[in-house]
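**Student:** Handing you this structure, nothing more for now.
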2 protein chains.
Amino acid sequence: MSTEPTNPNPDRARFRAVRDEFVTQWGTLGSAWGINRTMAQIHALLMVSTVSLSTDEIMEELQISRGNAHGNIRDLIGWGLIRSVVKKGERKEFFEAEKDVWKIFCTIVRERKRREIRPAIVLLRDCIDRTEDLDDTEAVAFTSQAKVLCEFVEMADSVLGKISKSEQSKVLPWLLKWMT
Amino acid sequence: MSTEPTNPNPDRARFRAVRDEFVTQWGTLGSAWGINRTMAQIHALLMVSTVSLSTDEIMEELQISRGNAHGNIRDLIGWGLIRSVVKKGERKEFFEAEKDVWKIFCTIVRERKRREIRPAIVLLRDCIDRTEDLDDTEAVAFTSQAKVLCEFVEMADSVLGKISKSEQSKVLPWLLKWMT
DNA sequence: CGCGGATTTCAGATATTACTGAAAATACAA
DNA sequence: TTGTATTTTCAGTAATATCTGAAATCCGCG
């Protein structure tokens with residue numbers, strides 16, 4: 001007899017390994033986009049989970065503390081990327097992620113617009129307001145560049161707004177057609 | 001007579017104050033997008049500067065060390081957002097930023113595609129490959145979600161590729177028209 | 001060569017961000 | 001109300017990312 005116990009379910013083990021790698025790597029990718037690694041991991045985990053998970057299950061899967069899990073779960077709810085669901089007969093909260101990629105995309109776009117694009121516009125407008133009346137060469141160039149940037153960001157803001165308010169069924173085919 | 005010396009050039013002082021705030025805030029915004037604060041600040045500084053700046057001038061303006069300035073300047077060159085220029089009669093390097101917003105946008109899109117979108121596609125394809133043959137319910141759901149994500153990211157990749165290869169003069173008016 | 005200004009490197013210091021874990025607060029059933 | 005499961009908070013700790021500054025290297029010039 002072998003000293004190595006035979007793996008009782010190699011398929012399941014393989015699935016777990018791949019899923020874990022996905023969750024881990026998704027976390028890494030998230031940090032490149034300014035998203036907290038753990039938050040991206042929890043999101044990834046819930047996106048590919050068929051059932052809703054409790055805080056304890058998330059803690060166990062990702063080997064993280066309660067406080068960490070809790071905070072990041074709340075943040076994800078704040079972003080609108082996951083929601084809490086009540087299971088009958090269960091006292092604790094369970095969480096599930098939106099699975100529809102288009103909806104996920106629109107949610108992220110909306111939140112980024114609100115949290116980062118808007119503040120950029122406010123900053124640029126303010127810079128323009130406070131330098132428009134100056135006539136020093138440097139100042140004029142500054143104001144002019146700020147205006148160009150501002151117009152661009154404002155345009156991006158409205159385009160993203162339009163897209164995120166559209167139906168997937170209207171935008172996607174149309175994008176695909178335009179892409180050829 | 002006043003103890004406060006009269007400011008010799010209030011306009012210039014105001015301009016400096018606004019520009020400094022712009023540079024600082026742009027750095028903050030950058031970090032929300034996963035960009036090193038100092039790198040974003042150097043980029044901001046060069047974007048609104050009418051003249052090219054040396055490493056020493058950048059160090060002075062942002063009050064940072066030589067090593068810090070140097071590394072971030074190299075990174076910006078790596079992104080293609082700034083370039084070094086030689087001034088005749090000067091031994092040291094000077095740097096200037098691309099000022100055209102559309103070009104800046106396309107450069108960032110191209111680099112993000114290469115550095116972050118492509119790796120995501122590789123990850124997703126790999127996850128799909130390694131789970132496609134499994135028939136456990138969980139695994140099937142995982143593969144299916146990975147496929148949906150992958151298709152979406154691939155589509156985003158091509159759309160962004162198309163846009164960043166287009167002429168501003170072709171895309172912008174067209175976007176504006178579509179937006180109304 | 002050898003000098004001197006400019007650039008590059010990198011080990012150690014610092015700052016920032018994220019995480020832990022236990023205590024406090026809360027919610028709910030009996 | 002009281003006991004218990006669950007959630008929330010947060011001070012302290014850890015991990016990571018960033019920065020400093022001095023030494024090493026590079027490079028054009030006489």
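Ligands are numbered from 1 in the order shown, chains are lettered A, B, ... in the order of the structure tokens, and residues start at 1 in each chain.
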With 12 Å as the limit and counting only C-alpha atoms (C1' of nucleotides), what residues in chain A lie close to chain C? Please list them as a VMD selection string.
**Tutor:** chain A and resid 31 34 to 39 63 to 72 90 to 92
**Student:** Can I get the selected residues back with N, CA and C atoms, as an mmCIF file, in the first residue's frame?
**Tutor:**
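Writing done, so here's part30.cif:
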```
data_model
loop_
_atom_site.group_PDB
_atom_site.id
_atom_site.type_symbol
_atom_site.label_atom_id
_atom_site.label_comp_id
_atom_site.auth_asym_id
_atom_site.auth_seq_id
_atom_site.Cartn_x
_atom_site.Cartn_y
_atom_site.Cartn_z
ATOM 1 N N SER A 31 -5.603 45.381 -7.843
ATOM 2 C CA SER A 31 -4.753 46.414 -7.244
ATOM 3 C C SER A 31 -4.115 47.313 -8.290
ATOM 4 N N GLY A 34 -6.330 50.249 -8.688
ATOM 5 C CA GLY A 34 -6.651 51.037 -7.514
ATOM 6 C C GLY A 34 -7.728 50.437 -6.646
ATOM 7 N N ILE A 35 -7.906 49.112 -6.761
ATOM 8 C CA ILE A 35 -8.903 48.447 -5.923
ATOM 9 C C ILE A 35 -8.169 47.576 -4.913
ATOM 10 N N ASN A 36 -8.587 47.655 -3.695
ATOM 11 C CA ASN A 36 -8.006 46.859 -2.626
ATOM 12 C C ASN A 36 -8.023 45.370 -2.996
ATOM 13 N N ARG A 37 -6.878 44.737 -2.831
ATOM 14 C CA ARG A 37 -6.705 43.350 -3.239
ATOM 15 C C ARG A 37 -7.792 42.426 -2.670
ATOM 16 N N THR A 38 -7.985 42.513 -1.358
ATOM 17 C CA THR A 38 -8.967 41.643 -0.704
ATOM 18 C C THR A 38 -10.378 41.890 -1.221
ATOM 19 N N MET A 39 -10.696 43.150 -1.443
ATOM 20 C CA MET A 39 -12.018 43.479 -1.962
ATOM 21 C C MET A 39 -12.216 42.817 -3.330
ATOM 22 N N GLN A 63 -8.941 32.940 3.975
ATOM 23 C CA GLN A 63 -8.028 32.967 5.130
ATOM 24 C C GLN A 63 -7.749 34.395 5.580
ATOM 25 N N ILE A 64 -8.825 35.104 5.865
ATOM 26 C CA ILE A 64 -8.672 36.476 6.344
ATOM 27 C C ILE A 64 -9.477 36.664 7.625
ATOM 28 N N SER A 65 -9.192 37.755 8.318
ATOM 29 C CA SER A 65 -9.843 38.004 9.604
ATOM 30 C C SER A 65 -11.269 38.506 9.416
ATOM 31 N N ARG A 66 -12.012 38.453 10.523
ATOM 32 C CA ARG A 66 -13.392 38.919 10.473
ATOM 33 C C ARG A 66 -13.478 40.401 10.108
ATOM 34 N N GLY A 67 -12.645 41.193 10.767
ATOM 35 C CA GLY A 67 -12.674 42.629 10.519
ATOM 36 C C GLY A 67 -12.397 42.966 9.057
ATOM 37 N N ASN A 68 -11.411 42.291 8.508
ATOM 38 C CA ASN A 68 -11.046 42.496 7.111
ATOM 39 C C ASN A 68 -12.199 42.106 6.192
ATOM 40 N N ALA A 69 -12.725 40.910 6.409
ATOM 41 C CA ALA A 69 -13.846 40.445 5.595
ATOM 42 C C ALA A 69 -15.010 41.425 5.710
ATOM 43 N N HIS A 70 -15.343 41.751 6.916
ATOM 44 C CA HIS A 70 -16.476 42.648 7.157
ATOM 45 C C HIS A 70 -16.357 43.968 6.393
ATOM 46 N N GLY A 71 -15.226 44.622 6.609
ATOM 47 C CA GLY A 71 -15.024 45.928 5.986
ATOM 48 C C GLY A 71 -15.105 45.874 4.471
ATOM 49 N N ASN A 72 -14.454 44.900 3.898
ATOM 50 C CA ASN A 72 -14.452 44.812 2.434
ATOM 51 C C ASN A 72 -15.812 44.412 1.877
ATOM 52 N N GLU A 90 -31.929 31.005 8.801
ATOM 53 C CA GLU A 90 -30.553 31.374 9.152
ATOM 54 C C GLU A 90 -30.559 32.765 9.763
ATOM 55 N N ARG A 91 -29.799 32.936 10.800
ATOM 56 C CA ARG A 91 -29.755 34.246 11.424
ATOM 57 C C ARG A 91 -28.718 35.132 10.753
ATOM 58 N N LYS A 92 -27.650 34.534 10.275
ATOM 59 C CA LYS A 92 -26.587 35.385 9.730
ATOM 60 C C LYS A 92 -26.822 35.809 8.281
#
```
**Student:** Give the residues of chain D that lie within 12 Å of chain B; count only C-alpha atoms (C1' of nucleotides), and format the answer as a VMD selection string.
**Tutor:** chain D and resid 17 to 22 27 to 29
**Student:** Write the residues of the selection above to a file with C-alpha atoms (C1' of nucleotides), as an mmCIF file, in the first residue's frame.
**Tutor:**
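Saved the output as selection.cif:
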```cif
data_model
loop_
_atom_site.group_PDB
_atom_site.id
_atom_site.type_symbol
_atom_site.label_atom_id
_atom_site.label_comp_id
_atom_site.auth_asym_id
_atom_site.auth_seq_id
_atom_site.Cartn_x
_atom_site.Cartn_y
_atom_site.Cartn_z
ATOM 1 C "C1'" DA D 17 4.690 50.720 -1.501
ATOM 2 C "C1'" DT D 18 7.320 54.600 -1.821
ATOM 3 C "C1'" DC D 19 11.189 57.646 -0.949
ATOM 4 C "C1'" DT D 20 15.857 59.176 0.441
ATOM 5 C "C1'" DG D 21 20.524 60.016 -0.132
ATOM 6 C "C1'" DA D 22 24.914 58.659 -0.815
ATOM 7 C "C1'" DC D 27 30.175 59.714 -20.420
ATOM 8 C "C1'" DG D 28 32.000 63.528 -22.976
ATOM 9 C "C1'" DC D 29 35.954 66.257 -22.960
#
```
**Student:** For the interface of chain A with chain B (cut-off 7 Å, counting only C-alpha atoms), please tabulate each contacting residue of chain A alongside its nearest pair of atoms and their separation in Å to one decimal, rows sorted by chain and increasing number, as CSV.
**Tutor:**
```
residue,atom,partner,partner_atom,distance
A:Asp11,CA,B:Leu134,CA,6.7
A:Phe15,CA,B:Ala139,CA,6.1
A:Val18,CA,B:Cys127,CA,6.1
A:Phe22,CA,B:Cys127,CA,7.0
A:Leu29,CA,B:Glu116,CA,6.7
A:Ser31,CA,B:Gly34,CA,6.8
A:Ala32,CA,B:Gly34,CA,5.2
A:Trp33,CA,B:Gly34,CA,4.8
A:Gly34,CA,B:Gly34,CA,4.0
A:Val48,CA,B:Phe142,CA,5.2
A:Thr50,CA,B:Glu138,CA,6.5
A:Val101,CA,B:Leu149,CA,6.4
A:Glu116,CA,B:Leu29,CA,6.8
A:Cys127,CA,B:Val18,CA,6.1
A:Thr131,CA,B:Phe15,CA,6.4
A:Leu134,CA,B:Asp11,CA,6.7
A:Glu138,CA,B:Thr50,CA,6.6
A:Ala139,CA,B:Phe15,CA,6.1
A:Ala141,CA,B:Thr50,CA,6.8
A:Phe142,CA,B:Val48,CA,5.2
A:Gln145,CA,B:Val48,CA,6.3
A:Leu149,CA,B:Val101,CA,6.4
A:Val159,CA,B:Met179,CA,6.3
A:Lys162,CA,B:Met179,CA,6.7
A:Met179,CA,B:Val159,CA,6.3
```
**Student:** So which bits of range 59-138 of chain B end up helix (DSSP H, G or I) when you DSSP the backbone, as a VMD selection string?
**Tutor:** chain B and resid 59 to 62 66 to 79 101 to 131 137 to 138
**Student:** As a ChimeraX atom specification, please: all residues of range 7-152 of chain B that backbone DSSP puts in strand (DSSP E).
**Tutor:** /B:53-54,82-86,93-97
**Student:** With only C-alpha atoms counted and 8 Å as the cut-off, give the residues of range 101-160 of chain A in contact with range 73-88 of chain A, each with its shortest interatomic distance in Å and the pair that gives it, as a Markdown table.
**Tutor:**
```
| residue | atom | partner | partner_atom | distance |
| --- | --- | --- | --- | --- |
| A:Ile104 | CA | A:Leu81 | CA | 6.6 |
| A:Thr107 | CA | A:Gly80 | CA | 6.7 |
| A:Ile108 | CA | A:Trp79 | CA | 7.4 |
| A:Glu111 | CA | A:Trp79 | CA | 6.5 |
```
**Student:** Got time to write the residues from that selection, C-alpha atoms, as an mmCIF file, in the first residue's frame?
**Tutor:**
```cif
data_model
loop_
_atom_site.group_PDB
_atom_site.id
_atom_site.type_symbol
_atom_site.label_atom_id
_atom_site.label_comp_id
_atom_site.auth_asym_id
_atom_site.auth_seq_id
_atom_site.Cartn_x
_atom_site.Cartn_y
_atom_site.Cartn_z
ATOM 1 C CA ILE A 104 -21.098 44.831 -13.239
ATOM 2 C CA THR A 107 -21.999 49.722 -11.797
ATOM 3 C CA ILE A 108 -18.244 50.210 -11.820
ATOM 4 C CA GLU A 111 -19.191 54.594 -9.192
#
```
